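S.K.: Here you go, coords-v8.cif (mmCIF, C-alpha atoms):
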```cif
data_data
#
loop_
_atom_site.group_PDB
_atom_site.id
_atom_site.type_symbol
_atom_site.label_atom_id
_atom_site.label_comp_id
_atom_site.auth_asym_id
_atom_site.auth_seq_id
_atom_site.Cartn_x
_atom_site.Cartn_y
_atom_site.Cartn_z
ATOM 1 C CA MET A 1 -22.235 -25.454 -11.739
ATOM 2 C CA ASP A 2 -20.506 -28.728 -10.861
ATOM 3 C CA ASN A 3 -21.993 -31.434 -8.658
ATOM 4 C CA LEU A 4 -20.103 -30.482 -5.516
ATOM 5 C CA ALA A 5 -21.080 -26.831 -5.778
ATOM 6 C CA LYS A 6 -24.691 -27.822 -6.409
ATOM 7 C CA GLN A 7 -24.776 -30.137 -3.425
ATOM 8 C CA LEU A 8 -23.120 -27.592 -1.145
ATOM 9 C CA ARG A 9 -25.755 -25.048 -2.109
ATOM 10 C CA GLU A 10 -28.611 -27.503 -1.592
ATOM 11 C CA ASP A 11 -27.242 -28.698 1.730
ATOM 12 C CA ALA A 12 -26.867 -25.127 2.949
ATOM 13 C CA ALA A 13 -30.515 -24.504 2.062
ATOM 14 C CA ASN A 14 -31.446 -27.527 4.210
ATOM 15 C CA ILE A 15 -30.065 -25.876 7.336
ATOM 16 C CA ASP A 16 -33.039 -24.433 9.128
ATOM 17 C CA ALA A 17 -32.232 -20.799 9.897
ATOM 18 C CA GLU A 18 -35.630 -19.377 10.626
ATOM 19 C CA ILE A 19 -35.392 -16.220 12.685
ATOM 20 C CA SER A 20 -37.865 -16.322 15.538
ATOM 21 C CA VAL A 21 -40.246 -13.444 16.207
ATOM 22 C CA GLU A 22 -38.561 -12.963 19.600
ATOM 23 C CA LEU A 23 -35.128 -12.598 18.049
ATOM 24 C CA ASP A 24 -36.495 -10.269 15.402
ATOM 25 C CA SER A 25 -38.106 -7.978 17.972
ATOM 26 C CA ARG A 26 -34.996 -8.171 20.191
ATOM 27 C CA ILE A 27 -32.801 -7.004 17.324
ATOM 28 C CA LEU A 28 -35.226 -4.238 16.396
ATOM 29 C CA ALA A 29 -35.435 -3.025 20.002
ATOM 30 C CA SER A 30 -31.658 -2.930 20.330
ATOM 31 C CA LEU A 31 -31.313 -1.037 17.045
ATOM 32 C CA HIS A 32 -33.681 1.617 18.340
ATOM 33 C CA ASN A 33 -31.314 2.134 21.282
ATOM 34 C CA VAL A 34 -28.324 2.773 19.025
ATOM 35 C CA THR A 35 -27.421 5.949 17.189
ATOM 36 C CA PRO A 36 -25.012 5.676 14.275
ATOM 37 C CA GLU A 37 -21.755 7.547 14.765
ATOM 38 C CA SER A 38 -22.540 9.496 11.588
ATOM 39 C CA ALA A 39 -25.859 10.731 13.002
ATOM 40 C CA LYS A 40 -24.457 11.859 16.351
ATOM 41 C CA PRO A 41 -24.217 15.647 16.744
ATOM 42 C CA ARG A 42 -20.627 16.810 16.518
ATOM 43 C CA PRO A 43 -19.434 18.732 19.577
ATOM 44 C CA ARG A 44 -18.875 22.391 18.673
ATOM 45 C CA VAL A 45 -15.537 23.817 19.603
ATOM 46 C CA VAL A 46 -16.073 27.265 21.110
ATOM 47 C CA LEU A 47 -12.964 29.443 20.946
ATOM 48 C CA SER A 48 -12.532 32.587 22.972
ATOM 49 C CA PRO A 49 -12.174 35.979 21.120
ATOM 50 C CA SER A 50 -8.639 36.374 22.438
ATOM 51 C CA PHE A 51 -7.666 33.086 20.747
ATOM 52 C CA TRP A 52 -9.075 34.404 17.460
ATOM 53 C CA TRP A 53 -7.136 37.673 17.774
ATOM 54 C CA ALA A 54 -3.910 35.907 18.728
ATOM 55 C CA SER A 55 -4.094 33.488 15.768
ATOM 56 C CA SER A 56 -4.968 36.299 13.326
ATOM 57 C CA LEU A 57 -2.045 38.448 14.463
ATOM 58 C CA THR A 58 0.320 35.484 14.274
ATOM 59 C CA GLY A 59 -0.839 34.793 10.736
ATOM 60 C CA VAL A 60 -0.408 38.413 9.629
ATOM 61 C CA ALA A 61 3.059 38.578 11.199
ATOM 62 C CA ALA A 62 4.117 35.366 9.448
ATOM 63 C CA ALA A 63 2.837 36.620 6.083
ATOM 64 C CA LEU A 64 4.709 39.934 6.470
ATOM 65 C CA GLY A 65 7.880 38.049 7.404
ATOM 66 C CA VAL A 66 7.683 35.848 4.288
ATOM 67 C CA ILE A 67 7.094 38.883 2.037
ATOM 68 C CA ALA A 68 10.053 40.697 3.589
ATOM 69 C CA ILE A 69 12.404 37.716 3.166
ATOM 70 C CA ILE A 70 11.440 37.241 -0.476
ATOM 71 C CA ASN A 71 11.929 40.924 -1.306
ATOM 72 C CA LEU A 72 15.244 41.311 0.573
ATOM 73 C CA ASP A 73 16.878 38.226 -0.917
ATOM 74 C CA ARG A 74 15.845 38.894 -4.501
ATOM 75 C CA PRO A 75 18.841 39.770 -6.768
ATOM 76 C CA GLY A 76 18.446 41.721 -9.969
ATOM 77 C CA SER A 77 16.033 39.916 -12.227
ATOM 78 C CA PRO A 78 17.807 37.975 -15.003
ATOM 79 C CA PRO A 79 16.870 39.002 -18.506
ATOM 80 C CA LEU A 80 14.054 36.944 -19.840
ATOM 81 C CA GLN A 81 14.861 34.692 -22.746
ATOM 82 C CA VAL A 82 12.022 34.077 -25.067
ATOM 83 C CA GLN A 83 12.190 30.718 -26.773
ATOM 84 C CA GLU A 84 10.679 30.274 -30.152
ATOM 85 C CA PRO A 85 8.180 27.457 -30.133
ATOM 86 C CA VAL A 86 9.465 24.515 -32.125
ATOM 87 C CA ALA A 87 6.087 23.492 -33.327
ATOM 88 C CA HIS A 88 2.597 24.427 -32.566
ATOM 89 C CA PHE A 89 0.237 21.565 -32.096
ATOM 90 C CA VAL A 90 -3.439 21.975 -31.686
ATOM 91 C CA VAL A 91 -4.670 19.232 -29.433
ATOM 92 C CA PRO A 92 -8.361 18.624 -29.935
ATOM 93 C CA GLU A 93 -10.294 18.630 -26.731
ATOM 94 C CA LEU A 94 -11.576 15.137 -26.035
ATOM 95 C CA ASP A 95 -14.714 14.716 -24.049
ATOM 96 C CA LEU A 96 -13.844 11.537 -22.211
ATOM 97 C CA GLU A 97 -15.849 10.225 -19.330
ATOM 98 C CA VAL A 98 -13.238 8.281 -17.465
ATOM 99 C CA GLU A 99 -12.609 7.366 -13.882
ATOM 100 C CA ALA A 100 -9.174 7.425 -12.378
ATOM 101 C CA ALA A 101 -7.803 3.901 -12.276
ATOM 102 C CA MET A 102 -6.467 2.732 -8.921
ATOM 103 C CA LEU A 103 -3.570 0.690 -10.140
ATOM 104 C CA THR A 104 -1.388 0.405 -7.116
ATOM 105 C CA SER A 105 -3.757 0.163 -4.168
ATOM 106 C CA PRO A 106 -5.070 -3.390 -4.907
ATOM 107 C CA LEU A 107 -1.468 -4.575 -5.283
ATOM 108 C CA ALA A 108 -0.457 -2.859 -2.075
ATOM 109 C CA GLU A 109 -3.416 -4.473 -0.270
ATOM 110 C CA GLU A 110 -2.512 -7.871 -1.683
ATOM 111 C CA LEU A 111 1.108 -7.431 -0.607
ATOM 112 C CA ALA A 112 0.035 -6.497 2.923
ATOM 113 C CA ARG A 113 -2.192 -9.599 3.081
ATOM 114 C CA LEU A 114 0.570 -11.850 1.756
ATOM 115 C CA GLN A 115 2.888 -10.484 4.437
ATOM 116 C CA ALA A 116 0.181 -11.137 7.033
ATOM 117 C CA ASP A 117 -0.160 -14.731 5.743
ATOM 118 C CA LEU A 118 3.580 -15.174 6.102
ATOM 119 C CA ARG A 119 3.543 -13.876 9.673
ATOM 120 C CA ARG A 120 0.699 -16.238 10.563
ATOM 121 C CA ALA A 121 2.517 -19.177 8.981
ATOM 122 C CA GLU A 122 5.682 -18.307 10.933
ATOM 123 C CA ALA A 123 3.700 -18.100 14.166
ATOM 124 C CA ALA A 124 2.074 -21.478 13.428
ATOM 125 C CA VAL A 125 5.475 -23.088 12.817
ATOM 126 C CA ARG A 126 6.837 -21.553 16.019
ATOM 127 C CA ASP A 127 3.844 -22.908 17.955
ATOM 128 C CA ASP A 128 4.333 -26.379 16.438
ATOM 129 C CA VAL A 129 8.006 -26.395 17.357
ATOM 130 C CA ARG A 130 7.180 -25.357 20.907
ATOM 131 C CA ILE A 131 4.610 -28.171 21.167
ATOM 132 C CA ASP A 132 7.001 -30.799 19.766
ATOM 133 C CA PHE A 133 9.951 -29.987 22.005
ATOM 134 C CA MET B 1 -27.835 5.771 -7.133
ATOM 135 C CA SER B 2 -28.860 2.171 -6.334
ATOM 136 C CA ASP B 3 -31.632 1.408 -3.849
ATOM 137 C CA GLU B 4 -29.094 -0.154 -1.517
ATOM 138 C CA LEU B 5 -26.971 2.983 -1.512
ATOM 139 C CA LYS B 6 -30.027 5.109 -0.805
ATOM 140 C CA LEU B 7 -30.897 2.900 2.161
ATOM 141 C CA ILE B 8 -27.308 3.105 3.396
ATOM 142 C CA ASN B 9 -27.397 6.899 3.237
ATOM 143 C CA SER B 10 -30.708 6.987 5.118
ATOM 144 C CA ALA B 11 -29.301 4.608 7.731
ATOM 145 C CA LYS B 12 -26.250 6.861 8.099
ATOM 146 C CA SER B 13 -28.538 9.708 9.046
ATOM 147 C CA GLY B 14 -30.154 7.547 11.740
ATOM 148 C CA SER B 15 -33.089 5.780 10.091
ATOM 149 C CA VAL B 16 -33.630 2.407 11.770
ATOM 150 C CA ASP B 17 -36.337 1.569 9.229
ATOM 151 C CA ALA B 18 -33.915 2.056 6.329
ATOM 152 C CA PHE B 19 -31.297 -0.077 8.049
ATOM 153 C CA THR B 20 -33.814 -2.828 8.811
ATOM 154 C CA GLU B 21 -34.896 -2.856 5.178
ATOM 155 C CA LEU B 22 -31.259 -2.874 4.104
ATOM 156 C CA VAL B 23 -30.286 -5.932 6.128
ATOM 157 C CA HIS B 24 -33.571 -7.797 5.702
ATOM 158 C CA GLY B 25 -32.323 -9.728 2.689
ATOM 159 C CA TYR B 26 -29.117 -10.775 4.465
ATOM 160 C CA ARG B 27 -30.608 -11.885 7.789
ATOM 161 C CA GLU B 28 -31.417 -15.484 7.049
ATOM 162 C CA GLY B 29 -28.238 -16.231 5.113
ATOM 163 C CA LEU B 30 -26.115 -14.630 7.799
ATOM 164 C CA PHE B 31 -27.908 -16.507 10.569
ATOM 165 C CA ARG B 32 -27.515 -19.781 8.683
ATOM 166 C CA PHE B 33 -23.790 -19.112 8.404
ATOM 167 C CA LEU B 34 -23.527 -18.195 12.098
ATOM 168 C CA LEU B 35 -25.233 -21.445 13.065
ATOM 169 C CA THR B 36 -22.301 -23.206 11.441
ATOM 170 C CA ARG B 37 -19.719 -21.023 13.185
ATOM 171 C CA CYS B 38 -21.043 -20.738 16.745
ATOM 172 C CA ALA B 39 -21.016 -23.255 19.535
ATOM 173 C CA ASN B 40 -24.770 -23.155 20.059
ATOM 174 C CA HIS B 41 -28.004 -21.589 18.855
ATOM 175 C CA ALA B 42 -28.046 -18.889 21.542
ATOM 176 C CA ASP B 43 -24.540 -17.737 20.609
ATOM 177 C CA ALA B 44 -25.539 -17.537 16.946
ATOM 178 C CA GLU B 45 -28.508 -15.339 17.908
ATOM 179 C CA ASP B 46 -26.304 -13.097 20.039
ATOM 180 C CA VAL B 47 -23.724 -12.742 17.287
ATOM 181 C CA LEU B 48 -26.422 -11.911 14.743
ATOM 182 C CA GLN B 49 -27.765 -9.204 17.034
ATOM 183 C CA ASP B 50 -24.277 -7.794 17.746
ATOM 184 C CA THR B 51 -23.474 -7.814 14.052
ATOM 185 C CA PHE B 52 -26.492 -5.709 13.178
ATOM 186 C CA ILE B 53 -25.863 -3.327 16.073
ATOM 187 C CA ASN B 54 -22.206 -2.845 15.103
ATOM 188 C CA ALA B 55 -23.075 -2.462 11.431
ATOM 189 C CA TYR B 56 -25.683 0.187 12.240
ATOM 190 C CA ARG B 57 -23.477 2.058 14.687
ATOM 191 C CA TYR B 58 -20.468 2.193 12.390
ATOM 192 C CA ILE B 59 -22.248 2.331 9.038
ATOM 193 C CA GLU B 60 -20.321 5.479 8.143
ATOM 194 C CA THR B 61 -17.194 3.327 7.854
ATOM 195 C CA TYR B 62 -18.759 1.173 5.125
ATOM 196 C CA ASN B 63 -16.838 1.566 1.868
ATOM 197 C CA PRO B 64 -19.120 1.190 -1.197
ATOM 198 C CA GLN B 65 -16.126 -0.201 -3.085
ATOM 199 C CA TRP B 66 -17.075 -3.536 -1.471
ATOM 200 C CA ARG B 67 -20.386 -5.362 -1.505
ATOM 201 C CA PHE B 68 -22.484 -4.671 1.570
ATOM 202 C CA SER B 69 -22.651 -8.397 2.314
ATOM 203 C CA THR B 70 -18.834 -8.546 2.353
ATOM 204 C CA TRP B 71 -18.721 -5.890 5.035
ATOM 205 C CA LEU B 72 -21.524 -7.539 7.021
ATOM 206 C CA TYR B 73 -19.839 -10.947 6.960
ATOM 207 C CA ARG B 74 -16.572 -9.415 8.082
ATOM 208 C CA ILE B 75 -18.265 -7.950 11.149
ATOM 209 C CA ALA B 76 -20.106 -11.215 11.819
ATOM 210 C CA ILE B 77 -16.914 -13.277 11.663
ATOM 211 C CA ARG B 78 -15.141 -10.936 14.054
ATOM 212 C CA ASN B 79 -18.059 -11.083 16.484
ATOM 213 C CA ALA B 80 -18.231 -14.871 16.231
ATOM 214 C CA GLY B 81 -14.486 -15.070 16.938
ATOM 215 C CA ARG B 82 -14.856 -12.792 19.947
ATOM 216 C CA ILE B 83 -17.700 -14.799 21.469
ATOM 217 C CA ARG B 84 -15.716 -17.992 20.933
ATOM 218 C CA GLU B 85 -12.680 -16.497 22.695
ATOM 219 C CA ASP B 86 -14.932 -15.471 25.589
ATOM 220 C CA ASN B 87 -16.338 -19.004 25.823
ATOM 221 C CA VAL B 88 -12.873 -20.563 25.749
ATOM 222 C CA ALA B 89 -11.682 -18.137 28.428
ATOM 223 C CA GLU B 90 -14.647 -19.000 30.643
ATOM 224 C CA LEU B 91 -15.111 -22.714 30.015
ATOM 225 C CA GLY B 92 -11.925 -23.905 28.365
ATOM 226 C CA ASP B 93 -11.922 -25.498 24.927
ATOM 227 C CA VAL B 94 -14.763 -27.880 25.567
ATOM 228 C CA ARG B 95 -16.345 -29.236 22.412
ATOM 229 C CA ASP B 96 -19.636 -30.870 23.000
ATOM 230 C CA ASP B 97 -21.248 -32.230 19.836
ATOM 231 C CA SER B 98 -24.643 -32.395 21.484
ATOM 232 C CA SER B 99 -24.824 -28.577 21.520
ATOM 233 C CA ASP B 100 -23.728 -28.204 17.900
ATOM 234 C CA PRO B 101 -26.451 -26.016 16.384
ATOM 235 C CA LEU B 102 -26.002 -27.728 13.026
ATOM 236 C CA ALA B 103 -27.079 -31.003 14.567
ATOM 237 C CA HIS B 104 -30.383 -29.403 15.581
ATOM 238 C CA CYS B 105 -30.953 -27.369 12.433
ATOM 239 C CA ILE B 106 -30.617 -30.192 9.962
ATOM 240 C CA ALA B 107 -33.523 -32.604 9.701
ATOM 241 C CA GLU B 108 -32.911 -36.266 10.534
ATOM 242 C CA ALA B 109 -33.232 -37.232 6.860
ATOM 243 C CA GLU B 110 -30.556 -34.699 5.933
ATOM 244 C CA ARG B 111 -27.863 -35.834 8.355
ATOM 245 C CA HIS B 112 -25.492 -36.609 5.497
ATOM 246 C CA ASN B 113 -25.357 -32.850 4.932
ATOM 247 C CA LEU B 114 -21.975 -31.961 3.416
ATOM 248 C CA TRP B 115 -21.563 -28.925 5.638
ATOM 249 C CA ARG B 116 -21.413 -31.160 8.705
ATOM 250 C CA ASN B 117 -18.551 -33.032 7.072
ATOM 251 C CA ALA B 118 -16.974 -29.733 6.077
ATOM 252 C CA LYS B 119 -17.097 -28.564 9.682
ATOM 253 C CA ARG B 120 -15.370 -31.742 10.779
ATOM 254 C CA LEU B 121 -12.746 -31.754 8.025
ATOM 255 C CA LEU B 122 -11.857 -28.129 7.430
ATOM 256 C CA SER B 123 -10.383 -25.379 9.545
ATOM 257 C CA ASP B 124 -12.714 -22.489 10.411
ATOM 258 C CA GLU B 125 -11.198 -20.200 7.837
ATOM 259 C CA VAL B 126 -11.316 -22.724 5.003
ATOM 260 C CA PHE B 127 -14.876 -23.629 5.979
ATOM 261 C CA THR B 128 -15.815 -19.942 5.843
ATOM 262 C CA ALA B 129 -14.106 -19.494 2.482
ATOM 263 C CA MET B 130 -16.027 -22.470 1.089
ATOM 264 C CA TRP B 131 -19.313 -21.148 2.490
ATOM 265 C CA LEU B 132 -18.796 -17.675 1.053
ATOM 266 C CA ARG B 133 -17.855 -19.115 -2.312
ATOM 267 C CA TYR B 134 -20.516 -21.777 -2.760
ATOM 268 C CA VAL B 135 -23.432 -20.407 -0.764
ATOM 269 C CA GLU B 136 -22.975 -16.649 -1.016
ATOM 270 C CA ASP B 137 -21.401 -16.646 -4.509
ATOM 271 C CA MET B 138 -18.684 -14.246 -3.411
ATOM 272 C CA SER B 139 -15.686 -13.514 -5.589
ATOM 273 C CA ILE B 140 -12.168 -14.543 -4.520
ATOM 274 C CA ARG B 141 -11.390 -10.865 -3.880
ATOM 275 C CA ASP B 142 -14.407 -10.454 -1.590
ATOM 276 C CA ILE B 143 -13.651 -13.677 0.287
ATOM 277 C CA ALA B 144 -10.046 -12.536 0.789
ATOM 278 C CA ALA B 145 -11.339 -9.224 2.131
ATOM 279 C CA VAL B 146 -13.753 -10.918 4.545
ATOM 280 C CA LEU B 147 -11.063 -13.246 5.874
ATOM 281 C CA GLU B 148 -8.334 -10.582 5.740
ATOM 282 C CA ARG B 149 -6.212 -12.984 3.715
ATOM 283 C CA SER B 150 -4.470 -12.726 0.378
ATOM 284 C CA SER B 151 -6.186 -13.805 -2.835
ATOM 285 C CA SER B 152 -3.522 -16.480 -3.296
ATOM 286 C CA TRP B 153 -4.237 -17.978 0.110
ATOM 287 C CA THR B 154 -7.953 -17.921 -0.644
ATOM 288 C CA LYS B 155 -7.562 -19.689 -3.989
ATOM 289 C CA VAL B 156 -5.246 -22.353 -2.626
ATOM 290 C CA ASN B 157 -7.427 -23.101 0.367
ATOM 291 C CA LEU B 158 -10.639 -23.189 -1.636
ATOM 292 C CA LEU B 159 -8.996 -25.831 -3.773
ATOM 293 C CA ARG B 160 -7.884 -27.784 -0.707
ATOM 294 C CA GLY B 161 -11.353 -27.548 0.793
ATOM 295 C CA ARG B 162 -12.900 -28.791 -2.436
ATOM 296 C CA ARG B 163 -10.484 -31.703 -2.630
ATOM 297 C CA ALA B 164 -11.187 -32.695 0.956
ATOM 298 C CA LEU B 165 -14.942 -32.660 0.407
ATOM 299 C CA GLU B 166 -14.728 -34.452 -2.921
ATOM 300 C CA ALA B 167 -12.624 -37.153 -1.309
ATOM 301 C CA GLU B 168 -15.236 -37.446 1.427
ATOM 302 C CA LEU B 169 -18.038 -37.610 -1.152
ATOM 303 C CA ASN B 170 -16.311 -40.258 -3.196
ATOM 304 C CA ASN B 171 -15.067 -42.137 -0.119
ATOM 305 C CA GLY B 172 -11.666 -41.999 -1.724
ATOM 306 C CA THR B 173 -8.582 -43.649 -0.335
ATOM 307 C CA GLN B 174 -6.763 -40.377 0.044
ATOM 308 C CA ASP B 175 -6.638 -38.975 3.539
ATOM 309 C CA PRO B 176 -8.668 -35.751 3.384
ATOM 310 C CA GLY B 177 -7.312 -34.520 6.687
ATOM 311 C CA SER B 178 -3.893 -34.024 5.139
ATOM 312 C CA GLU B 179 -5.350 -31.586 2.619
ATOM 313 C CA ALA B 180 -7.549 -29.709 4.987
ATOM 314 C CA TYR B 181 -5.280 -27.493 6.939
ATOM 315 C CA GLY B 182 -5.338 -23.797 6.401
#
```
Translate this file's structure into structure tokens.
M.R.:
Amino acid sequence: MDNLAKQLREDAANIDAEISVELDSRILASLHNVTPESAKPRPRVVLSPSFWWASSLTGVAAALGVIAIINLDRPGSPPLQVQEPVAHFVVPELDLEVEAAMLTSPLAEELARLQADLRRAEAAVRDDVRIDF
Amino acid sequence: MSDELKLINSAKSGSVDAFTELVHGYREGLFRFLLTRCANHADAEDVLQDTFINAYRYIETYNPQWRFSTWLYRIAIRNAGRIREDNVAELGDVRDDSSDPLAHCIAEAERHNLWRNAKRLLSDEVFTAMWLRYVEDMSIRDIAAVLERSSSWTKVNLLRGRRALEAELNNGTQDPGSEAYG
């Protein structure tokens, strides 16, 4: 650790940030009045029986329609051509414990942030120009 | 599963005790940081309280890909910015050094504290980046996430902040103000 880093750390430690008992109890009291969104009961959607029947019938009708279209449009099946395998490789099964690498998302995030930096810089320049003239 | 993750899961299901235990280690550091960011001691207390309330309420949105402290600081900075906007809207941009919480929280013998100089020399964002780097030991990636900036911006401005403070330390001839924008 270089001298500047060391001094910055020491000087930060010299800032008195003692949390008073009052603040501590105030925070605790306010936390007791809050329920996390994840712990809130989800409202149940109650659907009427007629809705259930209507959606089921629609689904059945759609499925029948798809089956009919496929069967009506199908021409005579072409003869199957069996291809001889060129080579037969036996790939040994590898027991790898790997996690999928997220290769693009950090780059995409970085690009979005760079674009945001550029927008902020443009806005700052525009503000400066407005102030000057 | 780490202890922290267990506490987070308990907090998600509504355990205040788990959440209190979770944030206990971050309280003092976060409050110290807020004292540097807020206009006065009372504002820093309010922002600390709001930060914990928001973190608890929306803990389901926490992504374990990031450190918990990164997420907490992000909330704190947003809350501090909001309270500052409210103050400016109500009172105008009045800067009164006598109410600076840093002036009260640093003992008389420690008045040469570098962070007071940093507050004077650096923009808020660069100051925050320096604090997160040198006090909280955050990585460039985490600092960029907290500030919602790119890693390149973070690196460049950390370097500028360092140069400005080094110039101040060495009483150099170079004008630190010219390096300190961000």
S.K.: Using only C-alpha atoms and a cut-off of 7 Å, which residues of chain B sit close to chain A? Please list them as a compact mmCIF listing (two decimals) with C-alpha atoms, in the coordinates of the input.
M.R.:
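Dumped to iface_17.txt:
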```txt
# COMPACT_ATOMS: atom_id res chain seq x y z
CA LYS B 12 -26.25 6.86 8.10
CA SER B 13 -28.54 9.71 9.05
CA GLY B 14 -30.15 7.55 11.74
CA VAL B 16 -33.63 2.41 11.77
CA GLU B 28 -31.42 -15.48 7.05
CA PHE B 31 -27.91 -16.51 10.57
CA ARG B 32 -27.52 -19.78 8.68
CA GLN B 49 -27.76 -9.20 17.03
CA ILE B 53 -25.86 -3.33 16.07
CA TYR B 56 -25.68 0.19 12.24
CA ARG B 57 -23.48 2.06 14.69
CA TYR B 58 -20.47 2.19 12.39
CA ILE B 59 -22.25 2.33 9.04
CA GLU B 60 -20.32 5.48 8.14
CA CYS B 105 -30.95 -27.37 12.43
CA ILE B 106 -30.62 -30.19 9.96
CA ASN B 113 -25.36 -32.85 4.93
CA LEU B 114 -21.98 -31.96 3.42
CA TRP B 115 -21.56 -28.92 5.64
CA TYR B 134 -20.52 -21.78 -2.76
CA VAL B 135 -23.43 -20.41 -0.76
CA GLU B 148 -8.33 -10.58 5.74
CA ARG B 149 -6.21 -12.98 3.72
CA SER B 150 -4.47 -12.73 0.38
```
S.K.: In Å to one decimal, how far is CA of Asp124 (chain B) from CA of Glu168 (chain B)?
M.R.: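 Straight-line distance from CA of Glu168 (chain B) to CA of Asp124 (chain B) works out to 17.6 Å.
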S.K.: So how far away is CA of Ala39 (chain B) from CA of Trp66 (chain B), in Å?
M.R.: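 Going from CA of Trp66 (chain B) over to CA of Ala39 (chain B), I get 29.1 Å.
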S.K.: What is the distance between CA of Ser2 (chain B) and CA of Phe68 (chain B), in Å to one decimal?
M.R.: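 Going from CA of Ser2 (chain B) over to CA of Phe68 (chain B), I get 12.2 Å.
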S.K.: Starting from the PyMOL selection byres ((chain B and resi 7) around 8), expand the selection into actual residues of this file and give them as a list in words.
M.R.: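 Residues picked by the PyMOL selection byres ((chain B and resi 7) around 8): Asp3, Glu4, Leu5, Lys6, Ile8, Asn9, Ser10, Ala11, Ala18, Phe19, Glu21 and Leu22 of chain B.
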S.K.: When distances are computed from all atoms listed in the file, which of B:Ala167, B:Gln65, B:Ala42, B:Arg37 shows the smallest separation from Glu125 (chain B)?
M.R.: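 Closest to Glu125 (chain B) of all the choices is B:Arg37.
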S.K.: Could you spell out the hits of the PyMOL selection byres ((chain B and resi 72-84) around 8) on the shown file, as a compact mmCIF listing (two decimals) with C-alpha atoms, in the coordinates of the input?
M.R.:
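Output saved as out.txt:
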```
# COMPACT_ATOMS: atom_id res chain seq x y z
CA LEU B 30 -26.12 -14.63 7.80
CA LEU B 34 -23.53 -18.20 12.10
CA ARG B 37 -19.72 -21.02 13.18
CA CYS B 38 -21.04 -20.74 16.74
CA ALA B 39 -21.02 -23.26 19.54
CA ASP B 43 -24.54 -17.74 20.61
CA ALA B 44 -25.54 -17.54 16.95
CA VAL B 47 -23.72 -12.74 17.29
CA LEU B 48 -26.42 -11.91 14.74
CA ASP B 50 -24.28 -7.79 17.75
CA THR B 51 -23.47 -7.81 14.05
CA ASN B 54 -22.21 -2.84 15.10
CA ALA B 55 -23.08 -2.46 11.43
CA PHE B 68 -22.48 -4.67 1.57
CA SER B 69 -22.65 -8.40 2.31
CA THR B 70 -18.83 -8.55 2.35
CA TRP B 71 -18.72 -5.89 5.04
CA GLU B 85 -12.68 -16.50 22.70
CA ASP B 86 -14.93 -15.47 25.59
CA ASN B 87 -16.34 -19.00 25.82
CA VAL B 88 -12.87 -20.56 25.75
CA ALA B 145 -11.34 -9.22 2.13
CA VAL B 146 -13.75 -10.92 4.54
CA LEU B 147 -11.06 -13.25 5.87
```
